[in-house]
$ cat model.txt   # compact mmCIF, C-alpha atoms
# COMPACT_ATOMS: atom_id res chain seq x y z
CA MET E 1 137.81 31.58 -91.66
CA ASN E 2 136.02 34.86 -90.89
CA LEU E 3 133.89 34.61 -87.73
CA LYS E 4 130.67 35.74 -89.42
CA VAL E 5 131.26 33.28 -92.26
CA ARG E 6 131.64 30.45 -89.75
CA LEU E 7 128.37 31.41 -88.08
CA ALA E 8 126.69 31.67 -91.48
CA VAL E 9 127.83 28.12 -92.36
CA MET E 10 126.46 26.94 -89.01
CA ASN E 11 123.06 28.45 -89.83
CA PHE E 12 123.17 27.03 -93.36
CA LEU E 13 123.58 23.50 -92.05
CA GLU E 14 121.14 24.01 -89.15
CA PHE E 15 118.21 24.74 -91.41
CA ALA E 16 119.33 22.48 -94.25
CA VAL E 17 118.73 19.61 -91.83
CA TRP E 18 115.13 20.76 -91.34
CA GLY E 19 114.44 21.67 -94.96
CA ALA E 20 115.13 18.12 -96.13
CA TYR E 21 111.85 16.82 -94.73
CA LEU E 22 109.74 19.55 -93.08
CA THR E 23 107.63 20.62 -96.07
CA CYS E 24 107.49 17.30 -97.94
CA MET E 25 107.18 14.74 -95.15
CA GLY E 26 103.38 14.74 -95.48
CA ASN E 27 103.56 13.31 -99.01
CA TYR E 28 105.64 10.35 -97.80
CA LEU E 29 103.49 9.72 -94.74
CA GLY E 30 100.45 9.27 -96.97
CA ILE E 31 102.31 6.58 -98.96
CA ALA E 32 103.69 4.94 -95.80
CA GLY E 33 100.22 4.38 -94.37
CA LEU E 34 100.39 7.27 -91.91
CA GLY E 35 98.45 9.89 -93.89
CA ASP E 36 95.79 10.37 -91.22
CA LYS E 37 98.54 11.07 -88.67
CA ILE E 38 100.23 13.97 -90.48
CA SER E 39 99.08 16.49 -87.88
CA TRP E 40 100.55 14.35 -85.12
CA PHE E 41 103.96 14.18 -86.79
CA TYR E 42 104.10 17.97 -86.85
CA ALA E 43 102.53 18.20 -83.38
CA ILE E 44 105.34 16.00 -82.04
CA GLN E 45 107.74 18.79 -82.94
CA GLY E 46 105.61 21.10 -80.85
CA ILE E 47 105.23 18.69 -77.94
CA VAL E 48 108.98 18.18 -77.52
CA SER E 49 109.48 21.93 -77.92
CA ILE E 50 107.43 22.49 -74.76
CA PHE E 51 110.26 21.20 -72.58
CA MET E 52 113.37 20.26 -74.60
CA PRO E 53 114.51 23.77 -75.71
CA THR E 54 114.07 25.10 -72.16
CA LEU E 55 115.89 22.10 -70.70
CA MET E 56 118.77 22.40 -73.18
CA GLY E 57 118.85 26.16 -72.59
CA ILE E 58 119.38 25.51 -68.87
CA VAL E 59 122.20 23.08 -69.66
CA ALA E 60 123.79 25.64 -72.03
CA ASP E 61 123.51 28.41 -69.42
CA LYS E 62 124.95 26.38 -66.57
CA TYR E 63 126.93 23.33 -67.66
CA ILE E 64 127.90 22.84 -71.33
CA GLN E 65 129.03 25.52 -73.76
CA PRO E 66 126.18 26.16 -76.23
CA GLN E 67 128.17 25.39 -79.38
CA ARG E 68 129.20 22.00 -77.94
CA LEU E 69 125.68 21.18 -76.81
CA LEU E 70 124.45 22.16 -80.28
CA GLY E 71 126.79 19.59 -81.81
CA LEU E 72 125.83 16.83 -79.37
CA CYS E 73 122.12 17.39 -80.00
CA HIS E 74 122.68 17.07 -83.75
CA LEU E 75 124.65 13.86 -83.24
CA LEU E 76 121.62 12.27 -81.55
CA ALA E 77 119.04 13.86 -83.87
CA GLY E 78 120.91 12.67 -86.96
CA GLY E 79 121.33 9.15 -85.62
CA PHE E 80 117.63 8.70 -84.90
CA MET E 81 116.66 10.25 -88.25
CA LEU E 82 118.84 7.73 -90.04
CA GLY E 83 116.91 5.08 -88.10
CA CYS E 84 113.70 6.33 -89.80
CA TRP E 85 115.46 6.08 -93.15
CA MET E 86 116.53 2.49 -92.46
CA MET E 87 112.94 1.51 -91.64
CA GLY E 88 111.86 3.03 -94.94
CA VAL E 89 114.54 1.03 -96.75
CA GLU E 90 113.23 -2.16 -95.16
CA ALA E 91 109.68 -1.36 -96.31
CA GLY E 92 110.77 -0.44 -99.85
CA PHE E 93 109.58 2.25 -102.26
CA GLY E 94 105.85 2.88 -102.24
CA ASN E 95 105.13 0.44 -99.39
CA GLU E 96 103.67 1.00 -95.94
CA ILE E 97 105.94 1.03 -92.89
CA ALA E 98 105.58 -2.33 -91.12
CA ASP E 99 106.28 -1.22 -87.53
CA LYS E 100 104.61 2.18 -87.44
CA SER E 101 105.06 2.57 -83.68
CA MET E 102 108.84 2.18 -83.94
CA PHE E 103 108.96 4.64 -86.84
CA VAL E 104 107.06 7.22 -84.78
CA ALA E 105 109.35 6.58 -81.80
CA LEU E 106 112.54 7.14 -83.82
CA TYR E 107 111.09 10.26 -85.42
CA THR E 108 110.06 11.58 -82.00
CA LEU E 109 113.53 11.07 -80.54
CA SER E 110 115.11 12.77 -83.55
CA VAL E 111 113.00 15.92 -83.36
CA ALA E 112 113.30 15.92 -79.55
CA PHE E 113 117.00 16.63 -79.97
CA PHE E 114 116.67 18.74 -83.12
CA MET E 115 114.12 21.30 -81.92
CA PRO E 116 116.37 22.68 -79.12
CA THR E 117 119.09 23.33 -81.68
CA ILE E 118 117.11 26.20 -83.21
CA ALA E 119 117.32 28.15 -79.95
CA LEU E 120 120.86 26.90 -79.28
CA SER E 121 122.05 28.11 -82.68
CA ASN E 122 120.63 31.57 -81.87
CA THR E 123 122.32 31.58 -78.47
CA THR E 124 125.62 30.46 -80.00
CA ALA E 125 125.51 33.15 -82.68
CA PHE E 126 124.48 35.93 -80.27
CA THR E 127 127.17 34.95 -77.73
CA ILE E 128 130.00 34.69 -80.26
CA LEU E 129 129.02 37.98 -81.88
CA LYS E 130 128.92 39.82 -78.54
CA ASN E 131 132.19 38.26 -77.37
CA ASN E 132 133.80 39.71 -80.49
CA GLY E 133 132.22 43.17 -80.39
CA GLY E 134 129.37 42.52 -82.83
CA ASP E 135 125.92 44.13 -82.99
CA THR E 136 123.23 41.43 -82.92
CA VAL E 137 120.54 43.58 -84.55
CA LYS E 138 122.86 44.54 -87.41
CA ASP E 139 125.04 41.44 -87.77
CA PHE E 140 122.69 38.55 -87.00
CA PRO E 141 120.12 38.83 -89.85
CA PRO E 142 122.73 38.47 -92.66
CA ILE E 143 124.08 35.42 -90.81
CA ARG E 144 120.63 33.96 -90.23
CA VAL E 145 119.69 34.40 -93.89
CA LEU E 146 122.16 31.64 -94.78
CA GLY E 147 119.98 29.33 -92.71
CA THR E 148 117.09 30.02 -95.04
CA VAL E 149 119.37 29.45 -98.02
CA GLY E 150 120.28 26.06 -96.56
CA PHE E 151 116.59 25.23 -96.13
CA ILE E 152 115.94 26.16 -99.78
CA VAL E 153 118.88 24.15 -101.10
CA THR E 154 117.75 20.92 -99.45
CA MET E 155 114.11 21.57 -100.48
CA TRP E 156 115.20 21.87 -104.11
CA PHE E 157 117.44 18.83 -103.83
CA VAL E 158 114.74 16.63 -102.27
CA ASN E 159 112.17 17.88 -104.82
CA CYS E 160 114.33 16.94 -107.81
CA ALA E 161 116.42 14.00 -106.57
CA VAL E 162 115.39 10.51 -107.70
CA TRP E 163 116.78 7.16 -106.54
CA GLU E 164 115.62 4.31 -108.72
CA ASP E 165 117.10 0.89 -109.51
CA GLY E 166 120.32 1.82 -107.70
CA ALA E 167 120.83 4.95 -109.83
CA PHE E 168 120.68 8.60 -108.80
CA THR E 169 119.26 11.32 -111.07
CA MET E 170 117.83 14.85 -110.83
CA THR E 171 114.59 15.79 -112.61
CA LEU E 172 111.61 18.14 -112.46
CA ALA E 173 109.33 15.53 -114.02
CA ASP E 174 106.88 13.52 -111.93
CA ASN E 175 108.48 10.36 -110.53
CA ALA E 176 107.27 7.96 -107.84
CA HIS E 177 110.80 7.61 -106.47
CA LYS E 178 111.51 11.30 -106.00
CA PHE E 179 112.98 11.99 -102.57
CA GLN E 180 109.98 14.18 -101.70
CA TYR E 181 107.73 11.09 -101.87
CA THR E 182 110.16 8.62 -100.25
CA TYR E 183 112.17 7.87 -97.12
CA MET E 184 115.33 9.30 -98.75
CA GLN E 185 114.46 12.74 -97.36
CA PHE E 186 115.26 11.36 -93.88
CA PHE E 187 118.65 10.12 -95.12
CA VAL E 188 119.56 13.61 -96.35
CA SER E 189 118.51 15.17 -93.05
CA GLY E 190 120.36 12.62 -90.91
CA ILE E 191 123.65 12.95 -92.79
CA LEU E 192 123.55 16.74 -92.61
CA SER E 193 122.96 16.56 -88.84
CA LEU E 194 126.10 14.50 -88.41
CA VAL E 195 128.08 16.94 -90.54
CA LEU E 196 126.86 19.85 -88.40
CA CYS E 197 127.82 17.97 -85.24
CA LEU E 198 131.43 17.77 -86.39
CA TYR E 199 131.36 21.39 -87.52
CA CYS E 200 130.12 22.66 -84.15
CA LEU E 201 132.69 20.68 -82.18
CA TYR E 202 135.71 21.58 -84.28
CA CYS E 203 135.04 24.81 -86.22
CA LEU E 204 133.24 27.19 -83.82
CA PRO E 205 134.92 29.27 -81.09
CA ALA E 206 134.12 28.59 -77.45
CA CYS E 207 131.18 30.35 -75.77
CA LYS E 208 132.26 30.92 -72.20
CA ILE E 209 129.66 30.02 -69.56
CA GLU E 210 129.04 32.92 -67.19
CA LYS E 211 129.65 31.85 -63.61
CA LYS E 212 127.61 33.68 -61.00
CA GLU E 213 129.47 34.65 -57.84
CA GLY E 214 128.04 33.90 -54.39
CA ARG E 215 125.16 31.67 -53.41
CA ILE E 216 122.86 30.43 -56.16
CA SER E 217 119.21 29.70 -55.47
CA LEU E 218 117.55 26.44 -56.50
CA ALA E 219 115.52 28.31 -59.15
CA GLU E 220 118.70 29.80 -60.60
CA SER E 221 120.53 26.46 -60.59
CA LEU E 222 117.64 24.90 -62.55
CA GLY E 223 117.38 27.85 -64.93
CA LEU E 224 113.81 28.59 -63.82
CA ASN E 225 114.57 32.27 -63.24
CA ALA E 226 113.88 32.81 -66.95
CA PHE E 227 110.19 32.36 -66.10
CA ARG E 228 110.42 35.54 -64.02
CA LEU E 229 110.06 37.36 -67.31
CA PHE E 230 106.33 36.66 -67.00
CA LYS E 231 106.22 39.12 -64.10
CA ARG E 232 106.73 41.94 -66.60
CA ARG E 233 103.45 42.68 -68.35
CA GLN E 234 105.14 43.39 -71.67
CA MET E 235 107.04 40.10 -71.69
CA ALA E 236 104.05 38.10 -70.45
CA LEU E 237 101.87 39.43 -73.29
CA PHE E 238 104.70 38.91 -75.76
CA PHE E 239 105.03 35.23 -74.81
CA ILE E 240 101.25 34.67 -74.78
CA PHE E 241 100.81 36.11 -78.26
CA SER E 242 103.92 34.23 -79.37
CA ALA E 243 102.09 31.04 -78.47
CA LEU E 244 98.95 32.16 -80.32
CA LEU E 245 100.89 33.08 -83.43
CA GLY E 246 102.91 29.89 -83.05
CA MET E 247 99.67 28.03 -83.74
CA CYS E 248 100.08 29.07 -87.38
CA LEU E 249 103.70 27.98 -87.81
CA GLN E 250 103.34 24.32 -88.77
CA VAL E 251 99.99 24.46 -90.59
CA THR E 252 101.38 25.07 -94.07
CA ASN E 253 104.50 22.98 -93.38
CA GLY E 254 102.25 20.02 -92.69
CA PHE E 255 99.47 20.52 -95.21
CA ALA E 256 100.65 22.76 -98.07
CA GLY E 257 102.45 19.84 -99.75
CA PRO E 258 99.52 17.39 -99.62
CA PHE E 259 97.16 20.24 -100.58
CA ILE E 260 99.06 21.25 -103.72
CA THR E 261 99.81 17.62 -104.63
CA SER E 262 96.10 16.73 -104.28
CA PHE E 263 95.46 18.59 -107.54
CA LYS E 264 97.20 15.69 -109.32
CA GLY E 265 93.97 13.80 -108.66
CA VAL E 266 92.01 16.39 -110.64
CA PRO E 267 92.30 15.71 -114.41
CA GLU E 268 92.44 19.37 -115.47
CA TYR E 269 95.33 20.09 -113.05
CA ALA E 270 97.13 16.71 -113.07
CA ASP E 271 99.88 17.73 -115.51
CA THR E 272 100.55 21.23 -114.15
CA PHE E 273 104.06 22.07 -112.97
CA ALA E 274 102.85 23.17 -109.52
CA ALA E 275 100.90 19.99 -108.79
CA ASN E 276 103.93 17.84 -109.66
CA ASN E 277 106.52 19.98 -107.87
CA ALA E 278 104.85 21.05 -104.65
CA THR E 279 108.12 21.16 -102.70
CA LEU E 280 109.82 23.30 -105.35
CA LEU E 281 106.87 25.70 -105.45
CA SER E 282 106.87 25.92 -101.66
CA SER E 283 110.54 26.93 -101.73
CA ILE E 284 109.43 30.36 -102.96
CA SER E 285 108.35 30.83 -99.35
CA GLN E 286 111.92 30.33 -98.17
CA ILE E 287 113.32 32.61 -100.89
CA SER E 288 110.96 35.30 -99.64
CA GLU E 289 112.05 34.49 -96.11
CA ALA E 290 115.70 35.03 -97.04
CA LEU E 291 114.95 38.47 -98.46
CA CYS E 292 112.73 39.48 -95.55
CA ILE E 293 115.38 38.61 -92.97
CA LEU E 294 117.59 41.31 -94.45
CA MET E 295 114.83 43.89 -93.88
CA ILE E 296 114.44 43.10 -90.18
CA PRO E 297 117.09 45.54 -88.83
CA PHE E 298 115.41 48.44 -90.64
CA PHE E 299 111.88 47.55 -89.56
CA LEU E 300 112.83 46.80 -85.95
CA LYS E 301 114.72 50.06 -85.49
CA ARG E 302 112.19 52.11 -87.44
CA PHE E 303 108.89 50.69 -86.15
CA GLY E 304 109.62 48.57 -83.06
CA ILE E 305 108.56 45.08 -82.06
CA LYS E 306 104.78 45.73 -81.99
CA VAL E 307 104.48 46.88 -85.60
CA VAL E 308 106.83 44.15 -86.79
CA MET E 309 104.76 41.49 -85.00
CA LEU E 310 101.54 42.96 -86.42
CA MET E 311 102.97 42.74 -89.93
CA SER E 312 103.68 39.08 -89.29
CA MET E 313 100.18 38.35 -87.97
CA PHE E 314 98.36 39.94 -90.89
CA ALA E 315 100.77 38.30 -93.33
CA TRP E 316 99.51 34.96 -92.00
CA VAL E 317 95.98 36.02 -92.92
CA PHE E 318 97.09 36.49 -96.54
CA ARG E 319 99.25 33.34 -96.45
CA PHE E 320 96.21 31.17 -95.72
CA GLY E 321 93.72 33.24 -97.73
CA PHE E 322 95.71 33.06 -100.97
CA PHE E 323 95.89 29.26 -100.69
CA GLY E 324 92.12 29.25 -100.29
CA ILE E 325 91.46 30.99 -103.60
CA GLY E 326 94.29 29.57 -105.73
CA ASN E 327 94.89 26.51 -107.92
CA PRO E 328 97.90 25.10 -109.85
CA ALA E 329 96.88 26.44 -113.29
CA MET E 330 97.01 30.01 -114.58
CA PRO E 331 95.86 32.40 -113.28
CA GLY E 332 95.11 30.57 -110.01
CA VAL E 333 98.76 29.61 -109.48
CA VAL E 334 99.53 33.33 -109.03
CA PHE E 335 97.73 33.17 -105.68
CA PHE E 336 99.91 30.21 -104.66
CA ILE E 337 102.98 32.28 -105.51
CA LEU E 338 101.64 35.30 -103.59
CA SER E 339 100.99 33.06 -100.59
CA CYS E 340 104.61 31.93 -100.71
CA ILE E 341 105.87 35.51 -101.01
CA VAL E 342 104.00 36.80 -97.94
CA TYR E 343 105.29 33.82 -95.95
CA GLY E 344 108.63 35.59 -95.62
CA VAL E 345 107.00 38.40 -93.65
CA ALA E 346 104.75 36.00 -91.74
CA PHE E 347 107.62 33.83 -90.51
CA ASP E 348 110.63 36.13 -90.23
CA PHE E 349 109.02 39.20 -88.76
CA PHE E 350 107.85 37.01 -85.92
CA ASN E 351 110.46 34.29 -85.41
CA VAL E 352 113.72 36.13 -86.07
CA SER E 353 112.60 39.47 -84.64
CA GLY E 354 111.21 37.71 -81.60
CA GLY E 355 114.55 36.02 -80.95
CA ILE E 356 116.36 39.35 -81.16
CA PHE E 357 113.76 41.02 -78.92
CA VAL E 358 114.12 38.32 -76.24
CA ASP E 359 117.91 38.59 -76.37
CA GLN E 360 117.74 42.36 -75.83
CA GLU E 361 115.28 42.12 -72.93
CA CYS E 362 117.10 39.48 -70.87
CA GLU E 363 120.07 39.41 -68.52
CA PRO E 364 123.17 37.56 -69.79
CA SER E 365 122.78 34.79 -67.19
CA VAL E 366 119.39 33.66 -68.57
CA LYS E 367 119.71 34.38 -72.29
CA ALA E 368 119.86 30.73 -73.38
CA SER E 369 117.01 29.82 -71.00
CA ALA E 370 114.93 32.75 -72.30
CA GLN E 371 115.49 31.67 -75.91
CA GLY E 372 114.37 28.20 -74.89
CA LEU E 373 111.28 29.72 -73.24
CA PHE E 374 110.45 31.63 -76.44
CA MET E 375 110.90 28.41 -78.39
CA MET E 376 108.64 26.59 -75.93
CA MET E 377 105.83 29.11 -76.31
CA THR E 378 106.00 29.25 -80.12
CA ASN E 379 107.19 25.92 -81.50
CA GLY E 380 106.08 24.11 -78.35
CA ILE E 381 102.73 25.05 -76.86
CA GLY E 382 101.53 27.16 -79.78
CA ALA E 383 102.57 24.84 -82.60
CA THR E 384 101.28 21.74 -80.81
CA ILE E 385 97.80 23.12 -80.22
CA GLY E 386 97.68 24.75 -83.66
CA THR E 387 98.83 21.68 -85.56
CA LEU E 388 96.43 19.32 -83.82
CA ALA E 389 93.57 21.76 -84.29
CA ALA E 390 94.49 22.18 -87.96
CA GLY E 391 94.58 18.40 -88.32
CA GLU E 392 91.04 18.16 -86.97
CA VAL E 393 89.88 20.83 -89.40
CA VAL E 394 91.54 19.15 -92.39
CA ASN E 395 90.33 15.67 -91.42
CA SER E 396 86.79 17.06 -91.10
CA PHE E 397 86.74 18.48 -94.63
CA CYS E 398 89.24 16.25 -96.49
CA HIS E 399 90.08 12.55 -96.83
CA TRP E 400 92.78 10.38 -98.42
CA GLU E 401 91.76 8.80 -101.71
CA ASN E 402 94.05 7.15 -104.30
CA GLY E 403 97.12 8.58 -102.57
CA PHE E 404 95.81 12.17 -102.47
CA LEU E 405 94.31 14.21 -99.64
CA GLU E 406 91.18 15.52 -101.35
CA GLY E 407 88.16 17.54 -100.15
CA ASP E 408 87.00 21.05 -99.28
CA TRP E 409 90.42 22.67 -98.88
CA GLN E 410 89.06 26.18 -99.39
CA THR E 411 87.04 26.09 -96.18
CA CYS E 412 90.10 24.83 -94.27
CA TRP E 413 92.30 27.70 -95.44
CA PHE E 414 89.63 30.31 -94.68
CA VAL E 415 89.24 28.93 -91.13
CA PHE E 416 93.00 29.32 -90.59
CA ALA E 417 92.98 32.85 -92.05
CA SER E 418 90.12 33.89 -89.75
CA PHE E 419 92.05 32.73 -86.69
CA ALA E 420 95.16 34.73 -87.69
CA LEU E 421 93.01 37.82 -88.23
CA ILE E 422 91.47 37.56 -84.74
CA VAL E 423 94.91 37.17 -83.13
CA GLY E 424 96.27 40.17 -85.03
CA VAL E 425 93.42 42.47 -84.01
CA ALA E 426 93.68 41.37 -80.36
CA PHE E 427 97.45 41.96 -80.34
CA ALA E 428 97.02 45.47 -81.77
CA LEU E 429 94.59 46.35 -78.97
CA VAL E 430 96.37 44.74 -76.02
CA PHE E 431 100.17 44.81 -76.50
CA LYS E 432 101.81 48.09 -75.51
CA PRO E 433 105.63 47.84 -75.51
CA GLU E 434 107.71 49.83 -73.07
CA LYS E 435 109.16 53.04 -74.46
CA LYS E 436 112.93 53.43 -74.18

$ encode --input "model.txt" --output "structure tokens"
Amino acid sequence: MNLKVRLAVMNFLEFAVWGAYLTCMGNYLGIAGLGDKISWFYAIQGIVSIFMPTLMGIVADKYIQPQRLLGLCHLLAGGFMLGCWMMGVEAGFGNEIADKSMFVALYTLSVAFFMPTIALSNTTAFTILKNNGGDTVKDFPPIRVLGTVGFIVTMWFVNCAVWEDGAFTMTLADNAHKFQYTYMQFFVSGILSLVLCLYCLYCLPACKIEKKEGRISLAESLGLNAFRLFKRRQMALFFIFSALLGMCLQVTNGFAGPFITSFKGVPEYADTFAANNATLLSSISQISEALCILMIPFFLKRFGIKVVMLMSMFAWVFRFGFFGIGNPAMPGVVFFILSCIVYGVAFDFFNVSGGIFVDQECEPSVKASAQGLFMMMTNGIGATIGTLAAGEVVNSFCHWENGFLEGDWQTCWFVFASFALIVGVAFALVFKPEKK
């Protein structure tokens, strides 16, 4: 199989695992008696990302080839995710989880091993491409776009799949046993993780670990030399603003589904397509993301990292703002669609471009550690603080009633948009990249 095709399949499976539950988990948590803890479930992803990606990056730099470590992490992540599914099976459709603490523990362990795989998949792709004479700026985006396709495919599947009375069907109609409202989303994610584990171990070429000659300091042996990047003003500012922008990353993943679904509790919107297919509507975001990834090489080479990051920051302003003024019926649903379209720029122009930028700015011996550091600042520190803060905002203006999270959503979205605007303006004034 062609090398780029193999890497594309790896990315497809990597993000298909995440897409199975990331945008629809909130709907199930409300049914399972954990609706007021939605922000914490998404914050857990951020908390483990503070240390796990960096730790796994150190292991990949020094001890285990990244493609093998990627597979082992998915083995553990998939196993624990299937544990969440089994607890849901024990509770039954539409019932609360009995042992909520154990459910949270299994979920935490699963994402603790999944979150490092995002950085590890980047490191694996970059290393294999370079070992075979590839150009990461040119070759990586078309490979990475298959990851977004995988995310979309599992979103669509979970949105339409129904398991009822021992029978499996696919439908766009409202159904209480759709995967997006049940524990079956965790089953899909867990199985795909195990598949990717086998794929990484048996289908990807080896990524040779670079051995450093001579004496190695304690900092180097622990992989802490990646933190020396903070000594460079450009990189320090880049990581700081990465954390600030990372505060936006999980807000719509956690609350867009419950927000759109909440319109089912409003009689005039209850039968609209959007209100009954929130996950499917949200997948427009990932379609936009797939298209935007392909534009990254042009924008990076033409405008540089600062302009690309600024585009991302102001796209977040529109992402939140359009949600604030939209609704599921015409013409309000147009604003929902526009919000999903600008998400591609908001996410890709920051996440994917940032990964490429870090790879270009680092020495080969710390590349995996540096990717882990970038992951820590964005999906770790930034996402944790942002998700918990967003949860406080939502819980202040909204409340669960009859299975729906209802309240003053417009104020919530405008608060989030205002934050993104402030970060964007500050970045434009402060960040001055080095000229080459």

$ closest_residue --input "model.txt" --among "E:Arg319, E:His74, E:Lys100, E:Lys301" --to "Ala420 in chain E" --atoms "all atoms listed in the file"
E:Arg319

$ closest_residue --input "model.txt" --among "E:Tyr63, E:Phe114, E:Phe336, E:Phe255" --to "Ala77 in chain E" --atoms "all atoms listed in the file"
E:Phe114

$ residues_around --input "model.txt" --residues "Ala98 in chain E" --least-positions-apart "4" --cutoff "9 Å" --atoms "only C-alpha atoms" --output "mmCIF file with C-alpha atoms, in the frame of the given file"
data_model
loop_
_atom_site.group_PDB
_atom_site.id
_atom_site.type_symbol
_atom_site.label_atom_id
_atom_site.label_comp_id
_atom_site.auth_asym_id
_atom_site.auth_seq_id
_atom_site.Cartn_x
_atom_site.Cartn_y
_atom_site.Cartn_z
ATOM 1 C CA ALA E 32 103.690 4.940 -95.800
ATOM 2 C CA MET E 87 112.940 1.510 -91.640
ATOM 3 C CA GLU E 90 113.230 -2.160 -95.160
ATOM 4 C CA ALA E 91 109.680 -1.360 -96.310
ATOM 5 C CA PHE E 103 108.960 4.640 -86.840
#

$ closest_residue --input "model.txt" --among "E:Ala167, E:Leu69, E:Val153, E:Met235" --to "Ser121 in chain E" --atoms "all atoms listed in the file"
E:Leu69

$ atom_distance --input "model.txt" --atom1 "CA of Met311 in chain E" --atom2 "CA of Leu146 in chain E"
22.7 Å
